[in-house]
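S.K.: So that you have it, the file is entry_6.cif, and it contains mmCIF, C-alpha atoms:
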```cif
data_data
#
loop_
_atom_site.label_atom_id
_atom_site.label_comp_id
_atom_site.auth_asym_id
_atom_site.auth_seq_id
_atom_site.Cartn_x
_atom_site.Cartn_y
_atom_site.Cartn_z
CA MET A 319 22.61 -11.33 19.12
CA GLU A 320 24.62 -14.53 19.48
CA LYS A 321 28.17 -14.39 18.13
CA PHE A 322 29.05 -16.43 15.06
CA GLU A 323 32.63 -17.64 14.97
CA THR A 324 32.91 -21.34 14.13
CA LEU A 325 30.00 -23.70 13.57
CA THR A 326 30.19 -27.47 13.15
CA GLY A 327 26.84 -29.07 12.57
CA ILE A 328 24.43 -31.10 10.50
CA ALA A 329 23.63 -29.67 7.08
CA ALA A 330 20.18 -30.25 5.57
CA PRO A 331 19.87 -30.40 1.77
CA LEU A 332 17.11 -28.35 0.15
CA PRO A 333 17.74 -28.64 -3.60
CA LEU A 334 15.05 -26.18 -4.67
CA ILE A 335 15.48 -22.93 -6.60
CA ASN A 336 13.49 -19.73 -5.98
CA VAL A 337 12.49 -20.61 -2.41
CA ASP A 338 10.59 -17.47 -1.49
CA THR A 339 9.91 -15.97 1.92
CA ASP A 340 6.30 -17.17 1.87
CA MET A 341 7.59 -20.74 1.56
CA ILE A 342 10.02 -20.08 4.42
CA ILE A 343 7.33 -18.62 6.70
CA PRO A 344 3.78 -18.36 5.29
CA LYS A 345 1.93 -15.05 5.61
CA GLN A 346 -0.53 -16.27 8.27
CA PHE A 347 2.32 -16.42 10.79
CA LEU A 348 3.39 -12.80 10.36
CA LYS A 349 1.09 -11.41 13.06
CA THR A 350 3.75 -11.66 15.75
CA ILE A 351 6.55 -9.15 16.31
CA LYS A 352 8.45 -11.62 18.50
CA ARG A 353 11.53 -13.28 17.07
CA SER A 354 10.91 -16.53 18.94
CA GLY A 355 8.33 -19.23 18.34
CA LEU A 356 8.38 -19.19 14.54
CA GLY A 357 10.65 -22.22 14.10
CA VAL A 358 7.75 -24.64 14.41
CA ASN A 359 6.19 -23.03 11.33
CA LEU A 360 9.36 -22.87 9.24
CA PHE A 361 8.52 -24.22 5.74
CA ASP A 362 5.04 -24.88 7.17
CA GLU A 363 3.30 -25.80 3.93
CA MET A 364 6.05 -28.26 3.00
CA ARG A 365 6.42 -29.71 6.51
CA TYR A 366 2.78 -30.33 7.42
CA ALA A 367 -0.30 -31.88 5.82
CA ASP A 368 -3.71 -30.20 5.98
CA ASP A 369 -4.54 -32.10 9.16
CA GLY A 370 -1.41 -30.77 10.88
CA SER A 371 0.52 -34.03 10.73
CA GLU A 372 4.13 -33.99 9.61
CA ILE A 373 4.99 -34.91 6.04
CA PRO A 374 7.72 -37.49 6.67
CA GLU A 375 9.44 -36.97 3.32
CA PHE A 376 10.25 -33.32 3.97
CA VAL A 377 13.91 -32.95 4.85
CA LEU A 378 13.53 -31.20 8.23
CA ASN A 379 11.02 -33.85 9.36
CA ARG A 380 13.51 -36.65 8.82
CA PRO A 381 15.15 -37.80 12.06
CA GLN A 382 18.68 -37.17 10.81
CA TYR A 383 17.97 -33.50 10.02
CA ARG A 384 15.82 -32.37 12.96
CA GLU A 385 18.88 -30.80 14.60
CA ALA A 386 20.26 -29.23 11.42
CA GLN A 387 22.10 -25.93 11.85
CA ILE A 388 23.15 -25.48 8.23
CA LEU A 389 20.92 -25.38 5.16
CA VAL A 390 22.29 -26.05 1.68
CA ALA A 391 19.84 -24.54 -0.79
CA GLY A 392 19.29 -23.67 -4.44
CA ASP A 393 19.64 -20.48 -6.42
CA ASN A 394 17.76 -17.26 -5.50
CA PHE A 395 16.98 -18.31 -1.93
CA GLY A 396 14.79 -15.91 0.05
CA CYS A 397 13.14 -14.19 -2.91
CA GLY A 398 9.65 -12.73 -2.70
CA SER A 399 8.33 -10.29 -0.11
CA SER A 400 10.77 -8.61 2.25
CA ARG A 401 9.66 -10.19 5.54
CA GLU A 402 12.17 -10.24 8.39
CA HIS A 403 10.17 -13.12 9.85
CA ALA A 404 11.94 -15.43 7.36
CA PRO A 405 15.36 -15.29 9.05
CA TRP A 406 13.59 -15.22 12.45
CA ALA A 407 11.96 -18.57 11.62
CA LEU A 408 15.20 -20.10 10.36
CA LEU A 409 17.08 -18.98 13.46
CA ASP A 410 14.35 -20.13 15.83
CA PHE A 411 14.47 -23.59 14.24
CA GLY A 412 18.22 -23.64 14.78
CA ILE A 413 19.61 -22.73 11.35
CA ARG A 414 22.68 -20.48 11.76
CA CYS A 415 24.04 -20.71 8.22
CA VAL A 416 22.57 -20.99 4.72
CA ILE A 417 24.71 -21.92 1.71
CA ALA A 418 23.38 -21.13 -1.77
CA PRO A 419 24.53 -19.83 -5.18
CA SER A 420 22.55 -16.59 -4.72
CA TYR A 421 20.00 -14.81 -2.51
CA ALA A 422 17.42 -12.08 -2.75
CA ASP A 423 19.09 -8.87 -1.54
CA ILE A 424 16.72 -8.00 1.31
CA PHE A 425 16.69 -11.52 2.71
CA TYR A 426 20.49 -11.63 2.46
CA ASN A 427 20.81 -8.39 4.44
CA ASN A 428 18.23 -9.49 7.02
CA CYS A 429 20.20 -12.68 7.70
CA PHE A 430 23.25 -10.74 8.87
CA LYS A 431 21.11 -8.52 11.08
CA ASN A 432 19.68 -11.58 12.81
CA GLY A 433 22.78 -13.69 13.39
CA ILE A 434 22.56 -15.95 10.34
CA LEU A 435 25.51 -16.30 7.95
CA PRO A 436 24.37 -16.52 4.30
CA ILE A 437 27.25 -17.95 2.27
CA VAL A 438 27.41 -17.50 -1.50
CA LEU A 439 29.32 -20.16 -3.42
CA PRO A 440 29.46 -21.13 -7.11
CA GLN A 441 26.86 -23.67 -8.20
CA GLU A 442 29.41 -26.45 -8.68
CA GLN A 443 30.62 -26.05 -5.09
CA VAL A 444 27.07 -25.92 -3.75
CA ASP A 445 26.41 -29.16 -5.66
CA VAL A 446 29.32 -30.84 -3.85
CA LEU A 447 28.05 -29.65 -0.46
CA MET A 448 24.49 -30.67 -1.36
CA LYS A 449 25.67 -34.25 -1.97
CA ASP A 450 27.61 -34.12 1.30
CA ALA A 451 24.51 -32.95 3.17
CA GLU A 452 22.52 -35.84 1.72
CA LYS A 453 24.68 -38.25 3.75
CA GLY A 454 22.68 -37.37 6.88
CA ALA A 455 23.56 -36.65 10.49
CA ASN A 456 27.01 -38.25 10.36
CA ALA A 457 28.15 -35.79 7.67
CA ARG A 458 28.92 -32.64 9.63
CA MET A 459 30.19 -29.50 7.97
CA THR A 460 32.32 -26.83 9.61
CA ILE A 461 31.88 -23.12 8.94
CA ASP A 462 34.81 -20.95 10.01
CA LEU A 463 33.82 -17.30 9.65
CA ASP A 464 37.21 -15.92 10.64
CA ALA A 465 38.98 -18.04 7.99
CA GLN A 466 35.97 -17.70 5.64
CA THR A 467 35.89 -21.38 4.84
CA VAL A 468 33.37 -24.21 4.59
CA THR A 469 34.77 -27.69 5.24
CA SER A 470 32.77 -30.72 4.11
CA SER A 471 32.54 -33.94 6.08
CA ASP A 472 35.22 -35.34 3.74
CA GLY A 473 37.62 -32.51 4.54
CA GLU A 474 37.16 -30.61 1.27
CA VAL A 475 37.56 -26.88 1.90
CA PHE A 476 35.75 -24.07 0.07
CA SER A 477 36.50 -20.38 0.58
CA PHE A 478 33.80 -17.72 0.57
CA ASP A 479 33.73 -13.92 0.52
CA VAL A 480 31.97 -11.79 3.10
CA ASP A 481 31.81 -8.05 3.63
CA PRO A 482 34.32 -7.09 6.39
CA PHE A 483 31.80 -4.96 8.30
CA ARG A 484 29.17 -7.70 8.27
CA LYS A 485 31.81 -10.21 9.32
CA HIS A 486 32.77 -7.96 12.25
CA CYS A 487 29.14 -7.65 13.33
CA LEU A 488 28.50 -11.41 13.20
CA MET A 489 31.70 -12.35 14.99
CA ASN A 490 30.96 -9.85 17.75
CA GLY A 491 27.22 -10.51 17.97
CA LEU A 492 26.29 -6.97 16.97
CA ASP A 493 22.88 -6.19 15.50
CA ASP A 494 21.80 -2.58 14.78
CA ILE A 495 21.06 -1.96 18.46
CA GLY A 496 24.36 -3.50 19.51
CA LEU A 497 26.23 -1.25 17.09
CA THR A 498 24.52 1.78 18.60
CA MET A 499 25.31 0.64 22.14
CA GLU A 500 29.00 0.48 21.24
CA LYS A 501 28.78 4.28 21.10
CA SER A 502 26.89 4.61 24.40
CA ALA A 503 29.69 6.52 26.15
CA SER A 504 29.80 9.11 23.36
CA ILE A 505 26.00 9.34 23.30
CA ASP A 506 25.89 9.89 27.08
CA ALA A 507 28.60 12.56 26.89
CA PHE A 508 26.76 14.35 24.08
CA GLU A 509 23.46 14.30 26.01
CA ALA A 510 25.12 15.57 29.19
CA LYS A 511 26.79 18.42 27.32
CA ALA A 512 23.57 19.30 25.50
CA GLN A 513 21.65 19.32 28.81
CA SER A 514 24.17 21.66 30.44
CA GLU A 515 24.32 24.02 27.47
CA ARG A 516 20.59 24.01 26.69
CA PRO A 517 18.75 23.09 29.91
CA TRP A 518 15.52 24.56 28.55
CA VAL A 519 15.28 21.92 25.78
#
```
Would you kindly transcribe this structure into structure tokens?
M.R.:
Amino acid sequence: MEKFETLTGIAAPLPLINVDTDMIIPKQFLKTIKRSGLGVNLFDEMRYADDGSEIPEFVLNRPQYREAQILVAGDNFGCGSSREHAPWALLDFGIRCVIAPSYADIFYNNCFKNGILPIVLPQEQVDVLMKDAEKGANARMTIDLDAQTVTSSDGEVFSFDVDPFRKHCLMNGLDDIGLTMEKSASIDAFEAKAQSERPWV
């Protein structure tokens, strides 16, 4: 998993509440178990018309937001079914951070496990960042995970809370497998000892 330390990038505004996981990645794209390739179908039903053409009004189809790495969203983001494909699709598109007033619990947890930082801020602060994001590609925000701050393009700084263990995992690029591999020396020693003491097992 890629480390998350400091991110400066374009923020796309998505001022919608209750964006569920089926809106993030519709159910017909859940057949794959690969984490790559889902970005093209992120927000599929909002991004594309029935004939497959792009809907130009949708934020991620606008030229200034095609390289967005931050998403500023509304309340209760990621609600609905507990599909891990939702953070996979966001990450594959290039989104490394989502800022919202609240999230569905399972989606929130899945973000950390897949290298995405979900930041919770009060509604009034999200509103300020939403307006900042509406300025387009020239308005770049900076996310500093170590300092736990979001800095707007105007230099306004907002502090956020994050669980210390999750922060450690993100900053060191550790998913569940990575955490296990940190203990590989102990695991190898245990297996060697078990083999010598119980060779018949």
S.K.: Applied to the shown file, which residues does the PyMOL selection byres ((chain A and resi 408) around 12) return, written as JSON, numbers by chain?
M.R.: {"A": [339, 341, 342, 343, 353, 354, 355, 356, 357, 358, 359, 360, 361, 362, 378, 386, 387, 388, 389, 396, 402, 403, 404, 405, 406, 407, 409, 410, 411, 412, 413, 414, 415, 416, 425, 428, 429, 432, 433, 434, 435, 436]}
S.K.: Using only C-alpha atoms, which residue out of A:Leu492, A:Val438, A:Val468, A:Val444 lies closest to Thr326 of chain A?
M.R.: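 So, comparing all the options, the nearest one is A:Val468.
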S.K.: Would you mind listing what lies within 8 Å of segment 475-485 of chain A as a list in words, with only C-alpha atoms counted and same-chain residues fewer than 2 positions away left out?
M.R.: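 So the residues in contact are Phe430, Ile437, Val438, Leu439, Gln443, Leu463, Asp464, Gln466, Thr467, Val468, Thr469, Ser470, Gly473, Cys487, Leu488 and Met489 of chain A.
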S.K.: Would you work out the distance separating atom CA of Gln382 of chain A from atom CA of Val446 of chain A, expressed in Å to one decimal?
M.R.: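 Those two atoms sit 19.2 Å apart.
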S.K.: Nearest to Glu323 of chain A: which of A:Lys511, A:Asp462, A:Glu474, A:Leu348 is it, counting all atoms listed in the file?
M.R.: A:Asp462
S.K.: Run the PyMOL selection byres ((chain A and resi 328) around 7) mentally over the shown coordinates, then write out the matched residues as a ChimeraX atom specification, using the chain letters and numbers from the document.
M.R.: /A:327,329-330,383,385-388,455,457-459
S.K.: In Å, how far is it from atom CA of Pro333 of chain A to atom CA of Ala418 of chain A?
M.R.: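 Straight-line distance from atom CA of Pro333 of chain A to atom CA of Ala418 of chain A works out to 9.6 Å.
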S.K.: Suppose you want the space between atom CA of Ala451 of chain A and atom CA of Ser471 of chain A; what is it in Å?
M.R.: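 Atom CA of Ser471 of chain A lies at a distance of 8.6 Å from atom CA of Ala451 of chain A.
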S.K.: Segment 338-353 of chain A, all listed atoms, 6 Å padding on each side: what axis-aligned box centre and edge lengths in Å to one decimal come out, as AutoDock Vina command-line options?
M.R.:
```
--center_x 5.5 --center_y -14.9 --center_z 8.5 --size_x 24.1 --size_y 23.6 --size_z 32.0
```
S.K.: I'd like the residues picked by the PyMOL selection byres ((chain A and resi 336) around 9) written out as a short mmCIF file (atom, residue, chain, number, x, y, z; two decimals) with C-alpha atoms, in the coordinates of the input, using the chain letters and numbers from the file.
M.R.:
```
data_model
loop_
_atom_site.label_atom_id
_atom_site.label_comp_id
_atom_site.auth_asym_id
_atom_site.auth_seq_id
_atom_site.Cartn_x
_atom_site.Cartn_y
_atom_site.Cartn_z
CA LEU A 334 15.05 -26.18 -4.67
CA ILE A 335 15.48 -22.93 -6.60
CA VAL A 337 12.49 -20.61 -2.41
CA ASP A 338 10.59 -17.47 -1.49
CA GLY A 392 19.29 -23.67 -4.44
CA ASP A 393 19.64 -20.48 -6.42
CA ASN A 394 17.76 -17.26 -5.50
CA PHE A 395 16.98 -18.31 -1.93
CA GLY A 396 14.79 -15.91 0.05
CA CYS A 397 13.14 -14.19 -2.91
CA GLY A 398 9.65 -12.73 -2.70
CA TYR A 421 20.00 -14.81 -2.51
#
```
S.K.: Quick one: of A:Gln513, A:Asn427, A:Gln441, A:Thr460, who's nearest to Asp493 of chain A, counting only C-alpha atoms?
M.R.: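 The closest residue to Asp493 of chain A is A:Asn427.
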S.K.: Which residue out of A:Leu332, A:Ala391, A:Met319, A:Leu447 has the minimum interatomic distance to Ser420 of chain A when only C-alpha atoms are used?
M.R.: A:Ala391
S.K.: Out of A:Glu363, A:Glu442, A:Asp472, A:Glu375, which residue has the shortest atom-to-atom distance to Asn456 of chain A when counting only C-alpha atoms?
M.R.: A:Asp472
S.K.: Identify which of the residues A:Arg365, A:Lys431, A:Lys321, A:Arg401 lies closest to Arg384 of chain A, counting all atoms listed in the file when measuring atom-to-atom distances.
M.R.: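 Of the candidates, the smallest distance to Arg384 of chain A is held by A:Arg365.
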